[in-house]
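First up is the structure itself, then whatever we jot down about it.
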Amino acid sequence: MTSPAARRLSISTAEPGHAARLLVWYDQNARVLPWRARPGTAADPYRVWLSEIMLQQTTVKTVGPYFAKFLARWPDVAALAAAPREEVLQMWAGLGYYSRARNLHACALAVVRDHGGAFPDDEAGLRQLPGIGPYTAAAIAAIAFGRHCMPVDGNIERVVTRLFAVEQPLPQAKPQVQEQALMLAGEGRAGDSAQAMMDLGATLCTPKKPSCVLCPLQPDCAACRRGDPETFPRKAPKKTGELRRGAAFIVRRGDQLLLRSRADKGLLGGMTEVPGSEWLPGQSDAAARRQAPVLPGLSRWRRRPGVVSHVFTHFPLELVVYVADAPAGTKPPDGMRWVAIDALEGEALPNVMRKVVRHGLGD
DNA sequence: TAGTCGTGGTT
DNA sequence: TAACCAAGACT
């Protein structure tokens, strides 16, 4: 709280509120991250945007190498817009949530085509672009353009619901949290305030065992006073999905594999895969195997021992893997293609398919 | 509004 | 280990 000396001074110097104390803490404790501008220098909207898209539901550690890779290959939004979409998907492979990659490219094209290559400099304008929702629009507006707004992500939801001991569960409490979060934006330093809140949530106000003794907001934190900060935010428990089963089919033609591209939308949209059965709860191995591709002259299917297990956000998956050989010269079925095993790095293979190939090739 | 959409890490 | 979480968007 305010010291007696400071209180006397507060006649002319307003008592530091939440926002001010947050910024004092940030100036001494800000994380150094590749996409952040050096203190005192302006942020590059392209880098801010690229990082914000990559960071959606993705950890800082995971994003690091992808951010560097993208920036080296496409140093500005015009370069990214000029790239083939397939190349963007391939570079994104492994990062997950692939609609982000499709929207990233669509957004770059829109910025070049509709905005002369410059990002809109306010929340409303940004919000119109593909892949930019309420959070990302506010984050870019604050960090890149200094607009007075506060993006609300998982970190900030946690900090705010603890600070005010919000009893209403999420997501119902979102409007209230948004309003309270904005009160923490410092005058003239909205971008730093936003990043300070994220750093606070990531390093001190953590989901479990928060370090309240080090927190600059601790004197005012209702949840900390109650003694149960970990119980915030309130949230309804979510149900786990049912296990789905299926089969994946690896067809070898010499040193090549048979691949195809998934439908543009939906799960793993636009990504590369080996032919496979549907993924259904309770599907028998026999039913899955009947969905094998048909090629002339194909050898017998050999089932690889074991299964490939993978967990998506809303369901776990188990795939049985079969392998067969096709004679030299065999033409690929409609919509499929032969790809050299050595060239798989150049494909937009999601991790589940990397697991399948590794398993099928006996690694 | 609630379900869909990846993957890796932590507890 | 099963559950939860990570700078959410879209339908």
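In the structure tokens, chains take the letters A, B, ... in the order shown, each chain's residues start at 1, and ligands count up from 1 in the order shown.
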
Kindly provide, as a PyMOL selection string, the residues of chain A having any atom no farther than 6 Å from an atom of chain C, counting only C-alpha atoms (C1' of nucleotides). chain A and resi 55-59+133

Do me a favour and pick out the residues of chain B within 6 Å of chain A, using only C-alpha atoms (C1' of nucleotides), as number ranges by chain. B: 5-7

Taking the chain letters and numbering used in this document, name the residues of stretch 22-183 of chain A that DSSP puts in alpha helix (DSSP H), as an MDAnalysis selection string. chainID A and resid 22:29 45:55 60:73 77:82 85:92 99:115 123:127 134:145 154:163 174:182

Under the rule that only C-alpha atoms are counted, which of A:Arg226, A:Arg337, A:Arg85, A:Arg290 is the nearest residue to A:Leu109?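 Among the listed residues, the smallest separation from A:Leu109 belongs to A:Arg85.
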
I'd like to know which of A:Phe315, A:Ala190, A:Val356, A:Glu230 is closest to B:DG3, using only C-alpha atoms (C1' of nucleotides). A:Phe315

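When atom CA of A:Gly254 is paired with atom CA of A:Glu86, their separation reads 25.7 Å.
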
Taking the backbone alone, and naming residues the way the document does, which bits of stretch 185-328 of chain A are strand (DSSP E) by DSSP, as a ChimeraX atom specification? /A:244-253,256-261,272-273,280-281,302-303,308-311,316-325
